[in-house]
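J.: Below you'll find upload35.cif; it's mmCIF, C-alpha atoms.
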```cif
data_input
#
loop_
_atom_site.label_atom_id
_atom_site.label_comp_id
_atom_site.auth_asym_id
_atom_site.auth_seq_id
_atom_site.Cartn_x
_atom_site.Cartn_y
_atom_site.Cartn_z
CA MET A 1 74.89 200.78 85.74
CA THR A 2 78.09 199.61 87.44
CA GLU A 3 78.32 195.83 87.87
CA LYS A 4 78.60 194.80 91.50
CA LEU A 5 81.96 193.25 92.40
CA LYS A 6 82.17 189.88 94.11
CA GLU A 7 83.57 190.09 97.63
CA LEU A 8 86.29 187.44 97.70
CA TYR A 9 87.75 185.96 100.88
CA ILE A 10 91.13 184.24 100.59
CA ILE A 11 91.44 181.45 103.15
CA GLY A 12 95.08 181.16 104.17
CA ALA A 13 97.32 184.17 104.70
CA GLY A 14 100.63 182.42 104.01
CA GLY A 15 102.78 182.49 100.89
CA LEU A 16 100.22 180.85 98.62
CA GLY A 17 97.50 183.18 99.91
CA ARG A 18 99.63 186.20 99.01
CA GLU A 19 100.29 184.74 95.56
CA VAL A 20 96.56 184.19 95.02
CA ALA A 21 95.90 187.80 96.05
CA ASP A 22 98.32 188.90 93.32
CA THR A 23 96.47 186.64 90.86
CA VAL A 24 93.18 188.33 91.77
CA VAL A 25 94.78 191.72 91.07
CA ALA A 26 95.87 190.42 87.64
CA ILE A 27 92.33 189.15 86.95
CA ASN A 28 90.89 192.55 87.85
CA GLN A 29 93.30 194.27 85.48
CA GLN A 30 91.70 192.28 82.65
CA LYS A 31 88.15 192.65 83.94
CA ASN A 32 87.13 194.06 87.29
CA ILE A 33 85.41 191.11 88.99
CA TYR A 34 86.50 190.97 92.63
CA ARG A 35 87.02 193.06 95.69
CA ILE A 36 89.33 191.25 98.06
CA ALA A 37 87.45 191.38 101.35
CA GLY A 38 90.43 190.03 103.28
CA PHE A 39 92.38 187.01 104.39
CA VAL A 40 90.80 184.41 106.65
CA ASP A 41 93.24 182.41 108.77
CA ASP A 42 92.84 180.30 111.92
CA ASN A 43 96.11 181.67 113.33
CA GLU A 44 94.81 184.06 115.99
CA VAL A 45 98.21 185.77 116.28
CA ILE A 46 97.70 187.57 112.95
CA HIS A 47 94.01 188.46 113.39
CA GLY A 48 93.51 192.20 113.05
CA SER A 49 96.77 192.72 111.17
CA ALA A 50 97.26 193.48 107.48
CA ILE A 51 99.41 191.50 105.04
CA ASN A 52 100.34 193.27 101.81
CA ASP A 53 97.67 195.84 102.68
CA ILE A 54 94.98 193.15 102.94
CA PRO A 55 93.32 192.76 106.36
CA VAL A 56 93.34 189.45 108.22
CA LEU A 57 89.72 189.31 109.32
CA GLY A 58 89.71 186.32 111.62
CA GLY A 59 89.21 182.56 111.53
CA ARG A 60 86.90 180.48 109.41
CA ASP A 61 84.01 180.76 111.91
CA LEU A 62 83.31 184.27 110.64
CA PHE A 63 81.69 182.75 107.54
CA LYS A 64 79.08 181.01 109.66
CA GLN A 65 78.24 184.35 111.27
CA ARG A 66 77.99 186.26 107.98
CA ARG A 67 76.23 183.77 105.71
CA ALA A 68 72.76 185.16 106.34
CA ALA A 69 73.81 188.69 105.45
CA ARG A 70 75.04 188.19 101.85
CA GLU A 71 76.54 185.72 99.41
CA ILE A 72 80.17 185.01 100.26
CA TYR A 73 82.80 184.00 97.69
CA ALA A 74 85.95 182.26 98.83
CA VAL A 75 88.95 180.19 97.76
CA ILE A 76 91.27 178.09 99.93
CA ALA A 77 94.91 179.06 99.31
CA ILE A 78 96.55 176.36 101.43
CA ALA A 79 98.79 173.76 99.78
CA ASP A 80 98.46 171.15 102.53
CA VAL A 81 95.91 168.67 101.21
CA LYS A 82 94.47 167.52 104.55
CA ILE A 83 94.00 171.06 105.88
CA ARG A 84 92.38 172.23 102.64
CA LYS A 85 89.99 169.28 102.64
CA ALA A 86 89.00 169.83 106.29
CA ILE A 87 88.27 173.52 105.68
CA ALA A 88 86.28 172.84 102.51
CA GLU A 89 84.11 170.22 104.22
CA ASP A 90 83.59 172.48 107.24
CA LEU A 91 82.48 175.47 105.15
CA ASP A 92 80.44 173.83 102.38
CA GLY A 93 77.05 175.51 102.45
CA PHE A 94 78.39 178.70 104.04
CA VAL A 95 80.38 180.02 101.06
CA THR A 96 80.38 179.93 97.27
CA TRP A 97 83.67 178.45 96.08
CA GLU A 98 85.34 180.41 93.29
CA ASN A 99 87.78 179.22 90.63
CA ILE A 100 90.72 181.63 90.52
CA ILE A 101 92.52 181.36 87.16
CA HIS A 102 95.38 183.71 86.29
CA PRO A 103 94.91 185.49 82.95
CA ALA A 104 98.45 184.40 81.98
CA ALA A 105 97.41 180.73 82.21
CA ILE A 106 96.45 178.90 79.02
CA VAL A 107 93.32 176.85 79.66
CA SER A 108 91.64 174.90 76.88
CA ALA A 109 88.02 175.75 76.19
CA HIS A 110 87.41 171.99 76.18
CA CYS A 111 88.48 171.20 79.72
CA GLU A 112 86.21 170.78 82.75
CA ILE A 113 86.85 172.60 86.01
CA GLY A 114 84.91 172.04 89.24
CA ARG A 115 84.75 174.47 92.20
CA GLY A 116 87.34 176.22 94.32
CA ASN A 117 90.32 175.57 92.06
CA ILE A 118 93.42 177.75 91.67
CA VAL A 119 95.38 177.90 88.39
CA GLN A 120 98.38 180.20 88.54
CA ALA A 121 100.36 182.14 85.93
CA PHE A 122 102.06 180.41 82.98
CA CYS A 123 100.24 177.12 83.46
CA SER A 124 98.95 175.21 80.47
CA VAL A 125 95.84 173.04 80.71
CA SER A 126 95.33 171.04 77.53
CA ALA A 127 92.29 169.74 75.67
CA ASN A 128 89.75 167.65 77.58
CA ALA A 129 91.65 167.73 80.86
CA ARG A 130 89.48 167.66 83.99
CA PHE A 131 89.75 169.25 87.44
CA GLY A 132 87.65 168.16 90.39
CA ASN A 133 87.18 170.53 93.33
CA HIS A 134 89.70 172.47 95.42
CA CYS A 135 92.78 171.68 93.36
CA ILE A 136 95.89 173.86 93.22
CA PHE A 137 97.86 174.07 89.97
CA ASN A 138 100.82 176.29 90.67
CA ALA A 139 102.85 178.55 88.39
CA GLY A 140 104.46 177.14 85.27
CA SER A 141 102.90 173.66 85.49
CA LEU A 142 101.64 171.71 82.48
CA LEU A 143 98.62 169.40 82.26
CA GLY A 144 98.35 167.20 79.19
CA HIS A 145 95.28 166.29 77.19
CA ASP A 146 92.71 164.02 78.84
CA ALA A 147 94.50 164.18 82.20
CA ILE A 148 92.36 164.12 85.34
CA LEU A 149 92.87 165.79 88.69
CA GLU A 150 90.38 164.48 91.22
CA ASP A 151 89.53 166.53 94.35
CA TYR A 152 92.07 168.25 96.64
CA VAL A 153 95.10 167.72 94.41
CA SER A 154 98.10 170.01 94.97
CA VAL A 155 100.49 170.52 92.05
CA MET A 156 103.40 172.79 92.90
CA ARG A 157 105.52 174.87 90.52
CA ARG A 158 106.85 173.68 87.16
CA CYS A 159 105.37 170.18 87.20
CA ASP A 160 104.84 168.31 83.92
CA VAL A 161 101.76 166.07 84.06
CA ASN A 162 101.37 164.36 80.70
CA GLY A 163 98.36 163.15 78.75
CA HIS A 164 95.96 160.57 80.20
CA VAL A 165 97.51 160.84 83.67
CA ARG A 166 95.10 160.50 86.58
CA LEU A 167 95.86 162.10 89.93
CA ARG A 168 93.53 160.59 92.49
CA THR A 169 92.03 162.50 95.42
CA GLY A 170 94.53 164.15 97.77
CA VAL A 171 97.67 163.73 95.66
CA TYR A 172 100.54 166.17 96.31
CA LEU A 173 103.20 166.90 93.68
CA GLY A 174 106.27 168.81 94.82
CA SER A 175 107.93 171.27 92.45
CA SER A 176 109.27 170.02 89.10
CA VAL A 177 107.71 166.55 89.22
CA LEU A 178 107.49 164.76 85.85
CA ILE A 179 104.77 162.15 85.20
CA VAL A 180 104.83 160.28 81.88
CA PRO A 181 101.59 159.54 79.97
CA ASP A 182 99.01 156.94 81.02
CA VAL A 183 100.03 156.77 84.68
CA THR A 184 97.70 156.78 87.71
CA ILE A 185 98.83 158.25 91.03
CA GLY A 186 96.94 156.74 93.97
CA GLU A 187 94.97 158.62 96.63
CA ASN A 188 96.96 160.75 99.07
CA ALA A 189 100.28 159.88 97.42
CA PHE A 190 103.12 162.36 97.99
CA LEU A 191 105.64 162.89 95.18
CA CYS A 192 108.73 164.74 96.38
CA ALA A 193 110.15 167.66 94.41
CA GLY A 194 112.06 166.67 91.29
CA SER A 195 110.68 163.13 91.14
CA ALA A 196 110.16 161.44 87.77
CA ILE A 197 107.28 158.95 87.65
CA PHE A 198 107.24 156.24 84.98
CA LYS A 199 104.64 153.83 86.39
CA ASP A 200 101.53 153.77 88.57
CA VAL A 201 101.89 154.82 92.21
CA ASP A 202 100.00 153.18 95.09
CA ASP A 203 97.67 154.98 97.52
CA ASP A 204 99.51 156.79 100.35
CA ALA A 205 102.95 156.20 98.83
CA VAL A 206 105.81 158.68 99.29
CA MET A 207 108.03 158.77 96.21
CA ILE A 208 111.40 160.41 95.52
CA GLY A 209 114.07 160.37 92.84
CA ASN A 210 114.57 159.88 89.10
CA PRO A 211 113.31 157.29 88.46
CA ALA A 212 111.21 157.67 91.61
CA LYS A 213 111.34 155.00 94.31
CA ARG A 214 108.95 154.48 97.18
CA ILE A 215 110.41 155.46 100.56
CA ARG A 216 107.25 155.00 102.60
#
```
Could you quickly redo this structure as structure tokens?
T.:
Amino acid sequence: MTEKLKELYIIGAGGLGREVADTVVAINQQKNIYRIAGFVDDNEVIHGSAINDIPVLGGRDLFKQRRAAREIYAVIAIADVKIRKAIAEDLDGFVTWENIIHPAAIVSAHCEIGRGNIVQAFCSVSANARFGNHCIFNAGSLLGHDAILEDYVSVMRRCDVNGHVRLRTGVYLGSSVLIVPDVTIGENAFLCAGSAIFKDVDDDAVMIGNPAKRIR
């Protein structure tokens, strides 16, 4: 008997959404798990179009219309922390949030991962690291042992997050950020690309440079 595929909806039809679609293809090449149902995007201009041969089905309200018909699997492929959080809170209860993990990522068997997370190709997630919900860990990034990502954290490409680091809810790391061990980054902090962090960062801080300095 053929196993039924999960119908997966990718929320966000921008660059990250297209990258996640490619990740789903790579997952299916290892084991056929998903059928990409389509992109979901609140930009009405692209509704009814196709992006990389994947249809853009409409805005997020379509989930509320379809919930009664069948179980719906989805992931939010939007890097902006506030937008991702608003969508997740709006749709909780209408969809089942999937973790999308590229087969080329190295993920310890002894880490914990919540719901709705994205881990892209060539990432490394070390022993006893923890993800909350709706985090993005983009291509080539490293997460050290015992590090913690709380909810709605965005880590862009090639970041190096060392052991025992804690990224509080809503943190955003631009590409190639370095964080040394035993540092805590406060809620909703924004670390600009290329920043090097050697000490704790306050809530809502905007940091830039090497060593990073607060600019807001």
J.: Give one line per residue of segment 29-74 of chain A that approaches segment 6-23 of chain A to at most 8 Å, naming the two atoms of the closest pair and their distance in Å to one decimal, counting all atoms listed in the file; sort by chain then ascending residue number and deliver it as CSV.
T.:
```
residue,atom,partner,partner_atom,distance
A:Ile33,CA,A:Lys6,CA,6.2
A:Tyr34,CA,A:Lys6,CA,4.7
A:Arg35,CA,A:Glu7,CA,4.9
A:Ile36,CA,A:Leu8,CA,4.9
A:Ala37,CA,A:Tyr9,CA,5.4
A:Gly38,CA,A:Tyr9,CA,5.4
A:Phe39,CA,A:Ile10,CA,4.9
A:Val40,CA,A:Ile11,CA,4.6
A:Asp41,CA,A:Gly12,CA,5.1
A:Ile51,CA,A:Ala13,CA,7.6
A:Asn52,CA,A:Arg18,CA,7.6
A:Val56,CA,A:Ala13,CA,7.5
A:Arg60,CA,A:Ile11,CA,7.8
A:Ile72,CA,A:Glu7,CA,6.7
A:Tyr73,CA,A:Leu8,CA,4.9
A:Ala74,CA,A:Tyr9,CA,4.6
```
J.: The PyMOL selection byres ((chain A and resi 184-193) around 6) - which residues does that actually catch in the file I just gave you? List them as a list in words.
T.: Val165, Arg166, Leu167, Arg168, Thr169, Gly170, Val171, Tyr172, Leu173, Gly174, Ser175, Ser176, Val177, Val183, Gly194, Ser195, Asp200, Val201, Asp202, Asp203, Asp204, Ala205, Val206, Met207 and Ile208 of chain A
J.: Which residues are near segment 88-95 of chain A? Cut-off 12 Å, only C-alpha atoms, ignore same chain within fewer than 4 positions. Put them as a PyMOL selection string.
T.: chain A and resi 7-11+59-78+81-84+115-117+133-135+151-152
J.: Do a neighbour search on Ser124 of chain A at 7 Å with all atoms listed in the file, toss out local chain neighbours closer than 6 positions, and write the hits as a PyMOL selection string.
T.: chain A and resi 105-107+141-143
J.: Taking the file as I've supplied it (selection: the PyMOL selection byres ((chain A and resi 162) around 9)), which residues are included? Please answer as a list in words.
T.: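 Listing what the PyMOL selection byres ((chain A and resi 162) around 9) selects in the shown file: Leu142, Leu143, Gly144, His145, Asp146, Ala147, Asp160, Val161, Gly163, His164, Val165, Leu178, Ile179, Val180, Pro181, Asp182 and Val183 of chain A.
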J.: Could you tell me which of A:Arg130, A:Val125, A:Ala86, A:Cys111 comes closest to Cys159 of chain A if we count all atoms listed in the file?
T.: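 The closest residue to Cys159 of chain A is A:Val125.
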